[in-house]
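Novice: Contents of my_file04.cif (mmCIF, C-alpha atoms) are given next:
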data_input
#
loop_
_atom_site.group_PDB
_atom_site.id
_atom_site.type_symbol
_atom_site.label_atom_id
_atom_site.label_comp_id
_atom_site.auth_asym_id
_atom_site.auth_seq_id
_atom_site.Cartn_x
_atom_site.Cartn_y
_atom_site.Cartn_z
ATOM 1 C CA MET A 1 165.270 125.061 -44.062
ATOM 2 C CA THR A 2 162.768 122.270 -43.908
ATOM 3 C CA ILE A 3 159.949 121.670 -46.364
ATOM 4 C CA GLU A 4 157.518 122.548 -43.594
ATOM 5 C CA THR A 5 158.887 126.060 -43.066
ATOM 6 C CA ILE A 6 159.255 126.666 -46.809
ATOM 7 C CA VAL A 7 155.675 125.590 -47.543
ATOM 8 C CA ALA A 8 154.398 127.771 -44.699
ATOM 9 C CA ALA A 9 156.456 130.750 -45.932
ATOM 10 C CA ALA A 10 155.289 130.189 -49.540
ATOM 11 C CA ARG A 11 151.677 130.043 -48.414
ATOM 12 C CA ALA A 12 152.080 133.359 -46.587
ATOM 13 C CA SER A 13 154.103 135.194 -49.258
ATOM 14 C CA ARG A 14 152.467 133.479 -52.276
ATOM 15 C CA ASP A 15 155.959 133.007 -53.652
ATOM 16 C CA TRP A 16 156.426 129.325 -54.395
ATOM 17 C CA ALA A 17 159.815 129.568 -56.112
ATOM 18 C CA PRO A 18 161.781 128.577 -52.951
ATOM 19 C CA LEU A 19 159.859 125.291 -52.915
ATOM 20 C CA VAL A 20 161.209 124.382 -56.354
ATOM 21 C CA GLY A 21 164.674 125.384 -55.142
ATOM 22 C CA LEU A 22 164.359 122.795 -52.423
ATOM 23 C CA VAL A 23 163.964 119.860 -54.855
ATOM 24 C CA PRO A 24 167.221 119.447 -56.802
ATOM 25 C CA TYR A 25 165.726 117.457 -59.687
ATOM 26 C CA ALA A 26 162.921 120.003 -60.220
ATOM 27 C CA GLN A 27 165.604 122.686 -60.349
ATOM 28 C CA PHE A 28 167.606 120.555 -62.788
ATOM 29 C CA LEU A 29 164.542 120.430 -65.082
ATOM 30 C CA GLY A 30 164.133 124.201 -64.637
ATOM 31 C CA VAL A 31 160.567 123.849 -63.312
ATOM 32 C CA ARG A 32 158.743 127.092 -62.511
ATOM 33 C CA LEU A 33 155.481 127.344 -60.635
ATOM 34 C CA ASP A 34 152.859 129.883 -61.602
ATOM 35 C CA ILE A 35 150.194 130.150 -58.929
ATOM 36 C CA ARG A 36 147.521 132.812 -59.204
ATOM 37 C CA GLY A 37 144.735 132.630 -56.668
ATOM 38 C CA ASP A 38 143.404 129.118 -56.921
ATOM 39 C CA GLN A 39 144.978 128.503 -60.333
ATOM 40 C CA PHE A 40 148.003 126.237 -60.264
ATOM 41 C CA SER A 41 150.243 125.856 -63.266
ATOM 42 C CA ALA A 42 153.805 124.712 -63.799
ATOM 43 C CA CYS A 43 156.215 125.425 -66.625
ATOM 44 C CA MET A 44 159.330 123.654 -67.884
ATOM 45 C CA PRO A 45 161.111 126.219 -70.089
ATOM 46 C CA PHE A 46 162.828 124.752 -73.131
ATOM 47 C CA ASP A 47 166.477 123.872 -72.689
ATOM 48 C CA LYS A 48 168.721 121.999 -75.138
ATOM 49 C CA LYS A 49 169.611 119.445 -72.472
ATOM 50 C CA LEU A 50 165.964 118.236 -72.403
ATOM 51 C CA ILE A 51 166.172 116.911 -75.974
ATOM 52 C CA GLY A 52 165.759 113.161 -76.394
ATOM 53 C CA ASN A 53 165.689 112.840 -80.164
ATOM 54 C CA PRO A 54 168.131 115.317 -81.719
ATOM 55 C CA ALA A 55 167.013 114.442 -85.277
ATOM 56 C CA LEU A 56 163.423 115.713 -84.931
ATOM 57 C CA PRO A 57 164.193 117.418 -82.472
ATOM 58 C CA ALA A 58 161.886 116.266 -79.665
ATOM 59 C CA LEU A 59 161.950 116.453 -75.888
ATOM 60 C CA HIS A 60 162.982 113.284 -74.028
ATOM 61 C CA GLY A 61 160.008 111.290 -72.717
ATOM 62 C CA GLY A 62 161.844 111.026 -69.425
ATOM 63 C CA ALA A 63 162.110 114.816 -69.135
ATOM 64 C CA ILE A 64 158.395 115.245 -69.855
ATOM 65 C CA GLY A 65 157.651 112.425 -67.411
ATOM 66 C CA GLY A 66 159.795 113.933 -64.666
ATOM 67 C CA PHE A 67 158.124 117.298 -65.210
ATOM 68 C CA LEU A 68 154.631 115.766 -64.920
ATOM 69 C CA GLU A 69 155.546 113.949 -61.722
ATOM 70 C CA SER A 70 157.188 117.078 -60.251
ATOM 71 C CA ALA A 71 154.148 119.186 -61.114
ATOM 72 C CA GLY A 72 151.924 116.640 -59.355
ATOM 73 C CA LEU A 73 154.040 116.631 -56.206
ATOM 74 C CA PHE A 74 154.170 120.435 -56.035
ATOM 75 C CA TYR A 75 150.418 120.598 -56.636
ATOM 76 C CA LEU A 76 149.826 118.337 -53.643
ATOM 77 C CA LEU A 77 152.095 120.413 -51.405
ATOM 78 C CA TRP A 78 150.251 123.540 -52.515
ATOM 79 C CA ASP A 79 146.722 122.148 -52.470
ATOM 80 C CA MET A 80 146.800 120.098 -49.319
ATOM 81 C CA ASP A 81 148.099 120.938 -45.893
ATOM 82 C CA SER A 82 150.783 118.420 -46.565
ATOM 83 C CA VAL A 83 154.117 119.207 -44.971
ATOM 84 C CA GLU A 84 155.925 116.137 -46.201
ATOM 85 C CA LEU A 85 156.608 115.419 -49.851
ATOM 86 C CA PRO A 86 153.951 112.927 -50.933
ATOM 87 C CA ARG A 87 155.273 109.558 -52.082
ATOM 88 C CA THR A 88 154.500 108.408 -55.618
ATOM 89 C CA ILE A 89 152.920 104.957 -55.550
ATOM 90 C CA ASN A 90 152.604 104.552 -59.283
ATOM 91 C CA PHE A 91 152.478 106.683 -62.382
ATOM 92 C CA THR A 92 151.236 106.075 -65.912
ATOM 93 C CA PHE A 93 152.189 108.266 -68.854
ATOM 94 C CA GLU A 94 150.424 108.503 -72.187
ATOM 95 C CA PHE A 95 152.531 110.271 -74.781
ATOM 96 C CA LEU A 96 150.155 111.801 -77.314
ATOM 97 C CA ARG A 97 152.253 114.168 -79.370
ATOM 98 C CA SER A 98 155.953 114.674 -79.772
ATOM 99 C CA GLY A 99 157.354 117.309 -77.420
ATOM 100 C CA ARG A 100 158.632 120.157 -79.563
ATOM 101 C CA PRO A 101 161.666 122.221 -78.492
ATOM 102 C CA VAL A 102 159.582 124.929 -76.812
ATOM 103 C CA ASP A 103 158.318 125.637 -73.287
ATOM 104 C CA THR A 104 156.043 122.996 -71.775
ATOM 105 C CA TYR A 105 153.226 123.673 -69.302
ATOM 106 C CA ALA A 106 151.420 121.370 -66.899
ATOM 107 C CA SER A 107 147.824 121.520 -65.694
ATOM 108 C CA VAL A 108 146.998 119.397 -62.666
ATOM 109 C CA PHE A 109 143.569 117.955 -61.835
ATOM 110 C CA MET A 110 142.747 116.291 -58.532
ATOM 111 C CA VAL A 111 140.680 113.291 -59.588
ATOM 112 C CA LYS A 112 140.218 111.967 -56.083
ATOM 113 C CA GLN A 113 141.505 113.150 -52.768
ATOM 114 C CA GLY A 114 141.342 110.383 -50.227
ATOM 115 C CA GLN A 115 142.600 110.195 -46.672
ATOM 116 C CA ARG A 116 145.732 108.303 -47.613
ATOM 117 C CA VAL A 117 145.892 108.387 -51.389
ATOM 118 C CA ALA A 118 145.413 111.235 -53.846
ATOM 119 C CA HIS A 119 144.834 110.449 -57.512
ATOM 120 C CA LEU A 120 145.934 113.115 -59.961
ATOM 121 C CA ARG A 121 145.670 113.652 -63.688
ATOM 122 C CA ILE A 122 148.400 115.889 -65.043
ATOM 123 C CA GLU A 123 148.407 117.193 -68.588
ATOM 124 C CA ALA A 124 151.483 118.554 -70.323
ATOM 125 C CA TRP A 125 150.854 120.956 -73.187
ATOM 126 C CA GLN A 126 152.739 123.386 -75.382
ATOM 127 C CA SER A 127 150.684 125.306 -77.949
ATOM 128 C CA SER A 128 147.316 125.018 -76.224
ATOM 129 C CA PRO A 129 145.881 123.302 -73.121
ATOM 130 C CA ASP A 130 143.385 121.425 -75.296
ATOM 131 C CA LYS A 131 146.218 119.807 -77.245
ATOM 132 C CA PRO A 132 148.100 117.893 -74.539
ATOM 133 C CA ILE A 133 151.410 116.339 -75.559
ATOM 134 C CA ALA A 134 151.305 113.910 -72.628
ATOM 135 C CA ILE A 135 148.942 112.904 -69.846
ATOM 136 C CA GLY A 136 150.042 111.382 -66.568
ATOM 137 C CA HIS A 137 147.893 109.581 -64.012
ATOM 138 C CA GLY A 138 149.348 108.918 -60.607
ATOM 139 C CA ASN A 139 148.496 107.653 -57.170
ATOM 140 C CA PHE A 140 150.315 109.494 -54.401
ATOM 141 C CA MET A 141 150.504 108.526 -50.750
ATOM 142 C CA VAL A 142 149.774 111.680 -48.793
ATOM 143 C CA LYS A 143 150.098 112.309 -45.107
ATOM 144 C CA PRO A 144 147.809 114.684 -43.286
ATOM 145 C CA GLY A 145 149.505 117.901 -42.207
ATOM 146 C CA ALA A 146 148.466 117.696 -38.604
ATOM 147 C CA GLN A 147 149.292 114.672 -36.523
ATOM 148 C CA PRO A 148 146.372 113.430 -34.444
ATOM 149 C CA LYS A 149 146.547 115.025 -31.052
ATOM 150 C CA GLU A 150 147.495 112.715 -28.248
ATOM 151 C CA ALA A 151 144.895 112.198 -25.571
ATOM 152 C CA THR A 152 145.726 114.197 -22.490
ATOM 153 C CA MET B 1 190.616 88.842 -72.315
ATOM 154 C CA SER B 2 188.857 85.926 -73.984
ATOM 155 C CA ASN B 3 187.145 86.380 -77.338
ATOM 156 C CA VAL B 4 183.726 86.156 -75.735
ATOM 157 C CA GLU B 5 184.642 88.880 -73.248
ATOM 158 C CA SER B 6 186.135 91.169 -75.881
ATOM 159 C CA ASP B 7 183.090 90.649 -78.127
ATOM 160 C CA GLN B 8 180.908 91.653 -75.204
ATOM 161 C CA ALA B 9 183.072 94.705 -74.439
ATOM 162 C CA ASP B 10 182.938 95.702 -78.109
ATOM 163 C CA LYS B 11 179.145 95.389 -78.108
ATOM 164 C CA VAL B 12 178.850 97.544 -74.984
ATOM 165 C CA ARG B 13 181.204 100.146 -76.480
ATOM 166 C CA LYS B 14 179.122 100.334 -79.669
ATOM 167 C CA TRP B 15 175.739 100.516 -77.965
ATOM 168 C CA GLN B 16 177.048 103.031 -75.399
ATOM 169 C CA GLN B 17 177.440 105.501 -78.281
ATOM 170 C CA ILE B 18 173.791 104.947 -79.167
ATOM 171 C CA THR B 19 172.745 105.285 -75.506
ATOM 172 C CA VAL B 20 174.158 108.808 -75.321
ATOM 173 C CA ILE B 21 172.830 110.102 -78.661
ATOM 174 C CA SER B 22 170.142 111.816 -76.627
ATOM 175 C CA PRO B 23 171.338 115.049 -74.967
ATOM 176 C CA TYR B 24 169.086 114.353 -71.999
ATOM 177 C CA SER B 25 170.691 110.938 -71.428
ATOM 178 C CA ARG B 26 174.117 112.583 -71.507
ATOM 179 C CA GLU B 27 172.941 115.236 -69.064
ATOM 180 C CA LEU B 28 171.757 112.554 -66.648
ATOM 181 C CA GLY B 29 175.073 110.732 -67.069
ATOM 182 C CA LEU B 30 173.464 107.486 -68.247
ATOM 183 C CA ARG B 31 175.973 104.736 -69.002
ATOM 184 C CA LEU B 32 175.449 101.443 -70.701
ATOM 185 C CA HIS B 33 176.221 98.591 -68.313
ATOM 186 C CA GLY B 34 175.379 95.446 -70.255
ATOM 187 C CA VAL B 35 173.785 94.265 -73.496
ATOM 188 C CA GLU B 36 172.230 90.850 -73.697
ATOM 189 C CA PRO B 37 169.570 89.905 -76.226
ATOM 190 C CA ASP B 38 166.929 89.757 -73.492
ATOM 191 C CA TRP B 39 168.227 92.167 -70.879
ATOM 192 C CA CYS B 40 169.794 95.563 -71.571
ATOM 193 C CA VAL B 41 171.119 97.425 -68.561
ATOM 194 C CA ILE B 42 171.846 101.149 -68.207
ATOM 195 C CA LYS B 43 173.084 102.708 -64.987
ATOM 196 C CA VAL B 44 172.780 106.148 -63.484
ATOM 197 C CA LEU B 45 175.394 107.308 -60.993
ATOM 198 C CA PRO B 46 174.587 109.134 -57.755
ATOM 199 C CA ASP B 47 174.274 112.864 -58.460
ATOM 200 C CA GLU B 48 173.138 115.634 -56.100
ATOM 201 C CA ARG B 49 171.202 117.261 -58.957
ATOM 202 C CA LEU B 50 168.927 114.248 -59.303
ATOM 203 C CA VAL B 51 167.602 114.198 -55.741
ATOM 204 C CA GLY B 52 163.816 114.384 -55.374
ATOM 205 C CA ASN B 53 163.439 114.534 -51.621
ATOM 206 C CA PRO B 54 165.914 116.854 -49.909
ATOM 207 C CA ALA B 55 164.996 115.499 -46.477
ATOM 208 C CA THR B 56 165.999 111.932 -47.318
ATOM 209 C CA GLY B 57 168.311 112.415 -50.314
ATOM 210 C CA VAL B 58 166.279 109.895 -52.317
ATOM 211 C CA VAL B 59 166.463 110.221 -56.104
ATOM 212 C CA HIS B 60 163.459 111.773 -57.922
ATOM 213 C CA GLY B 61 160.985 109.414 -59.573
ATOM 214 C CA GLY B 62 161.496 111.308 -62.815
ATOM 215 C CA VAL B 63 165.074 110.032 -62.975
ATOM 216 C CA ILE B 64 163.796 106.446 -62.816
ATOM 217 C CA THR B 65 161.316 107.326 -65.602
ATOM 218 C CA ALA B 66 164.102 108.695 -67.800
ATOM 219 C CA LEU B 67 166.384 105.742 -67.017
ATOM 220 C CA LEU B 68 163.726 103.181 -67.919
ATOM 221 C CA ASP B 69 162.525 105.092 -70.984
ATOM 222 C CA SER B 70 166.109 105.128 -72.292
ATOM 223 C CA CYS B 71 166.542 101.476 -71.430
ATOM 224 C CA TYR B 72 163.391 100.560 -73.346
ATOM 225 C CA GLY B 73 164.565 102.351 -76.458
ATOM 226 C CA LEU B 74 167.870 100.537 -76.239
ATOM 227 C CA ALA B 75 166.263 97.114 -75.673
ATOM 228 C CA ILE B 76 164.142 97.585 -78.807
ATOM 229 C CA PHE B 77 167.106 98.730 -80.925
ATOM 230 C CA VAL B 78 169.203 95.799 -79.679
ATOM 231 C CA LYS B 79 166.417 93.369 -80.535
ATOM 232 C CA LEU B 80 166.182 94.899 -84.031
ATOM 233 C CA ASN B 81 169.968 95.314 -84.247
ATOM 234 C CA LYS B 82 168.979 98.507 -86.019
ATOM 235 C CA LEU B 83 167.942 102.035 -85.150
ATOM 236 C CA ARG B 84 164.379 102.775 -86.100
ATOM 237 C CA PRO B 85 162.472 105.991 -85.323
ATOM 238 C CA MET B 86 159.876 105.439 -82.642
ATOM 239 C CA ALA B 87 157.991 107.174 -79.879
ATOM 240 C CA THR B 88 156.920 106.142 -76.391
ATOM 241 C CA LEU B 89 153.162 105.586 -76.484
ATOM 242 C CA ASP B 90 152.527 104.515 -72.914
ATOM 243 C CA LEU B 91 154.759 103.964 -69.919
ATOM 244 C CA ARG B 92 153.817 102.849 -66.431
ATOM 245 C CA ILE B 93 155.920 102.713 -63.305
ATOM 246 C CA ASP B 94 155.206 101.206 -59.903
ATOM 247 C CA TYR B 95 157.467 102.430 -57.121
ATOM 248 C CA LEU B 96 158.111 99.526 -54.764
ATOM 249 C CA LYS B 97 160.687 101.055 -52.458
ATOM 250 C CA PRO B 98 162.836 104.172 -52.304
ATOM 251 C CA ALA B 99 166.288 104.033 -53.880
ATOM 252 C CA THR B 100 169.162 104.116 -51.405
ATOM 253 C CA PRO B 101 170.819 107.555 -51.512
ATOM 254 C CA GLY B 102 174.385 107.557 -52.824
ATOM 255 C CA ARG B 103 174.112 104.263 -54.702
ATOM 256 C CA GLU B 104 174.139 103.781 -58.450
ATOM 257 C CA ILE B 105 170.830 102.628 -59.929
ATOM 258 C CA PHE B 106 170.510 100.077 -62.698
ATOM 259 C CA GLY B 107 167.674 100.039 -65.184
ATOM 260 C CA GLY B 108 167.108 96.761 -66.993
ATOM 261 C CA ALA B 109 164.691 96.110 -69.842
ATOM 262 C CA VAL B 110 163.541 93.441 -72.248
ATOM 263 C CA CYS B 111 161.560 93.824 -75.443
ATOM 264 C CA TYR B 112 159.185 90.850 -75.130
ATOM 265 C CA LYS B 113 157.118 91.496 -78.230
ATOM 266 C CA LEU B 114 158.334 93.147 -81.372
ATOM 267 C CA GLY B 115 155.635 93.841 -83.947
ATOM 268 C CA HIS B 116 155.553 95.731 -87.234
ATOM 269 C CA GLU B 117 154.130 98.857 -85.652
ATOM 270 C CA LEU B 118 154.473 98.356 -81.916
ATOM 271 C CA ALA B 119 157.087 97.124 -79.466
ATOM 272 C CA PHE B 120 156.186 95.950 -75.946
ATOM 273 C CA VAL B 121 158.800 96.222 -73.226
ATOM 274 C CA ARG B 122 159.079 95.672 -69.520
ATOM 275 C CA GLY B 123 161.790 96.402 -67.028
ATOM 276 C CA ALA B 124 162.861 97.296 -63.546
ATOM 277 C CA ALA B 125 165.095 99.714 -61.660
ATOM 278 C CA TYR B 126 167.260 98.180 -58.944
ATOM 279 C CA HIS B 127 170.510 98.318 -56.981
ATOM 280 C CA ASP B 128 171.572 94.687 -56.631
ATOM 281 C CA SER B 129 169.118 92.526 -58.510
ATOM 282 C CA PRO B 130 165.989 92.930 -60.640
ATOM 283 C CA ASP B 131 164.424 90.485 -58.152
ATOM 284 C CA ASP B 132 164.628 93.186 -55.484
ATOM 285 C CA PRO B 133 163.354 96.163 -57.499
ATOM 286 C CA ILE B 134 163.075 99.844 -56.618
ATOM 287 C CA ALA B 135 160.490 100.109 -59.389
ATOM 288 C CA THR B 136 158.861 97.828 -61.926
ATOM 289 C CA SER B 137 157.584 99.129 -65.212
ATOM 290 C CA SER B 138 156.221 98.363 -68.657
ATOM 291 C CA ALA B 139 155.773 100.405 -71.792
ATOM 292 C CA ILE B 140 154.607 100.360 -75.398
ATOM 293 C CA PHE B 141 156.506 102.061 -78.200
ATOM 294 C CA MET B 142 155.206 102.877 -81.654
ATOM 295 C CA PHE B 143 157.444 102.999 -84.699
ATOM 296 C CA THR B 144 157.248 106.239 -86.627
ATOM 297 C CA GLU B 145 158.143 107.433 -90.114
ATOM 298 C CA GLY B 146 161.786 107.712 -91.004
ATOM 299 C CA PRO B 147 164.834 105.800 -92.077
ATOM 300 C CA VAL B 148 165.838 102.496 -90.474
ATOM 301 C CA ILE B 149 169.591 102.476 -89.899
ATOM 302 C CA ALA B 150 171.787 99.440 -89.205
ATOM 303 C CA LEU B 151 173.895 99.777 -86.027
ATOM 304 C CA GLU B 152 177.205 99.842 -87.913
ATOM 305 C CA ASP B 153 175.926 102.559 -90.274
ATOM 306 C CA ALA B 154 174.638 104.618 -87.346
ATOM 307 C CA LEU B 155 178.055 104.410 -85.685
ATOM 308 C CA LYS B 156 179.725 105.592 -88.902
ATOM 309 C CA LEU B 157 177.278 108.501 -89.090
ATOM 310 C CA LEU B 158 178.041 109.419 -85.476
ATOM 311 C CA GLU B 159 181.759 109.303 -86.293
ATOM 312 C CA GLY B 160 181.094 111.962 -88.926
ATOM 313 C CA PHE B 161 179.547 114.274 -86.318
ATOM 314 C CA LYS B 162 182.588 114.187 -84.072
ATOM 315 C CA PRO B 163 184.689 117.338 -84.080
#
Now that the file is in, can you turn its structure into structure tokens?
Specialist:
Amino acid sequence: MTIETIVAAARASRDWAPLVGLVPYAQFLGVRLDIRGDQFSACMPFDKKLIGNPALPALHGGAIGGFLESAGLFYLLWDMDSVELPRTINFTFEFLRSGRPVDTYASVFMVKQGQRVAHLRIEAWQSSPDKPIAIGHGNFMVKPGAQPKEAT
Amino acid sequence: MSNVESDQADKVRKWQQITVISPYSRELGLRLHGVEPDWCVIKVLPDERLVGNPATGVVHGGVITALLDSCYGLAIFVKLNKLRPMATLDLRIDYLKPATPGREIFGGAVCYKLGHELAFVRGAAYHDSPDDPIATSSAIFMFTEGPVIALEDALKLLEGFKP
């Protein structure tokens, strides 16, 4: 199955789980999408393998980072009529609090949607959305869903 | 093996144990490749689980993030020759070109400023040479509360944890 058919099927059935199943690394992180109406949220359930510092313990910055980037990419597939996975141009992470060994959620905000580039802010949080543990900013190259029609 | 080579192999063996202290690094299969004072290299092997784009087979950006984040930690510890608790404060990555599917990826890093509270690092992810990068990156780490442990002492402690 291609991304195109899976996105179309997810849009129709409102079940976005198959989309996560399509991206091996998102599956590896255990990412789950929770989409209700126009509310998009993603979750990375706690797993021992996500630990970076076993002494604290704290989640690995790379796991939190990968989750933020994944959440951003899925958001774009959901929000836009994009049928191809957007390409990350660059990404900046601010780590604000240590990631405790519990479930982590991501809230995604479209800061600017341009023709070619979308800029997202993605916040990872655990206890409460107003206490983010990390914030990511990224520029993504997006392609419009429909190709321009050829002149006939 | 010459003395210089065996010293180098010994250094890599010691720091490899530090590299895989983190469960997440073990899960990703990160392996230490080289330790020089100004360039520490960790590699990640091709793995189906780490693919980001199923259509092309290209590795997920998050794997590059984890690789570089681990590399930065190592570069700072090597510069200190000690293990000191710290946290990533800020990390930025620019993706210059997609990784080639099926090839191992190297992450290289240097700690170019080591302060009392902060450490500044930069690095790159690449296949053949840091001059032809897949991604370039920089980060800032902040030291946190906790004991500072010399490398040899940390290795002894790790020995104690082994079954």
Novice: Which residues match the PyMOL selection byres ((chain B and resi 122-132) around 9) in the file above, as a list of chain:residue names?
Specialist: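 When the PyMOL selection byres ((chain B and resi 122-132) around 9) is applied, the selected residues are B:Trp39, B:Ile64, B:Leu67, B:Leu68, B:Cys71, B:Tyr72, B:Ile93, B:Ala99, B:Thr100, B:Arg103, B:Glu104, B:Ile105, B:Phe106, B:Gly107, B:Gly108, B:Ala109, B:Val110, B:Cys111, B:Tyr112, B:Phe120, B:Val121, B:Pro133, B:Ile134, B:Ala135, B:Thr136, B:Ser137, B:Ser138, B:Ala139, B:Ile140.
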Novice: Going by the chain IDs and residue numbers used in this file, which residues fall under the PyMOL selection byres ((chain A) within 10 of (chain B))? Write them as an MDAnalysis selection string.
Specialist: chainID A and resid 1:3 22:29 47:56 58:70 84:98 134:139
Novice: A:Asp81, A:Glu4, A:Asp34, A:Asp103: which is nearest Phe46 (chain A), counting only C-alpha atoms?
Specialist: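 So, comparing all the options, the nearest one is A:Asp103.
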Novice: In Å to one decimal, how far is CA of Leu114 (chain B) from CA of Leu83 (chain B)?
Specialist: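 Calculated distance between CA of Leu83 (chain B) and CA of Leu114 (chain B) is 13.6 Å.
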Novice: Given the choices B:Ile149, B:Leu155, B:Leu118, B:Phe143, which gets closest to Lys11 (chain B) if the distance is worked out from all atoms listed in the file?
Specialist: B:Leu155
Novice: Write out as a PyMOL selection string the residues lying within 6 Å of Ala124 (chain A), counting only C-alpha atoms and excluding same-chain residues fewer than 2 positions away.
Specialist: chain A and resi 105-106+132-134
Novice: Please give the centre and size of the box around region 108-126 of chain A (axis-aligned, containing every atom listed in the file, 8 Å added per side), with values in Å to one decimal and written as AutoDock Vina command-line options.
Specialist:
--center_x 146.5 --center_y 115.8 --center_z -61.0 --size_x 28.5 --size_y 31.1 --size_z 44.7
Novice: Record the distance separating CA of Asn81 (chain B) and CA of Leu151 (chain B), expressed in Å with one decimal.
Specialist: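 Going from CA of Asn81 (chain B) over to CA of Leu151 (chain B) covers 6.2 Å.
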Novice: Using only C-alpha atoms, which of the listed residues (A:Val102, A:Ala8, A:Met141, A:Gln113) sits closest to Trp125 (chain A)?
Specialist: A:Val102
Novice: Pick out the closest residue to Arg36 (chain A) from this set: A:Trp78, A:Lys112, A:Ser127, A:Gly21. Count all atoms listed in the file.
Specialist: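 Using all atoms listed in the file, the shortest distance to Arg36 (chain A) belongs to A:Trp78.
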Novice: Could you work out how far CA of Arg116 (chain A) lies from CA of Thr5 (chain A), giving the answer in Å with one decimal?
Specialist: 22.6 Å
Novice: Please provide the set of residues having any atom within 12 Å of region 38-40 of chain A, restricted to only C-alpha atoms, with same-chain residues fewer than 6 positions apart removed, written as an MDAnalysis selection string.
Specialist: chainID A and resid 11 14 16 32 71:72 74:79 105:110 122
Novice: I would like the residues chosen by the PyMOL selection byres ((chain B and resi 44) around 7) on the shown file; could you give them as a list in words?
Specialist: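 With the PyMOL selection byres ((chain B and resi 44) around 7) on this model, the match is Gly29, Leu30, Arg31, Ile42, Lys43, Leu45, Pro46, Glu104, Ile105 and Phe106 of chain B.
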Novice: Out of A:Ala10, A:Leu19, A:Cys43, A:Val117, which residue has the shortest atom-to-atom distance to Val142 (chain A) when counting all atoms listed in the file?
Specialist: A:Val117
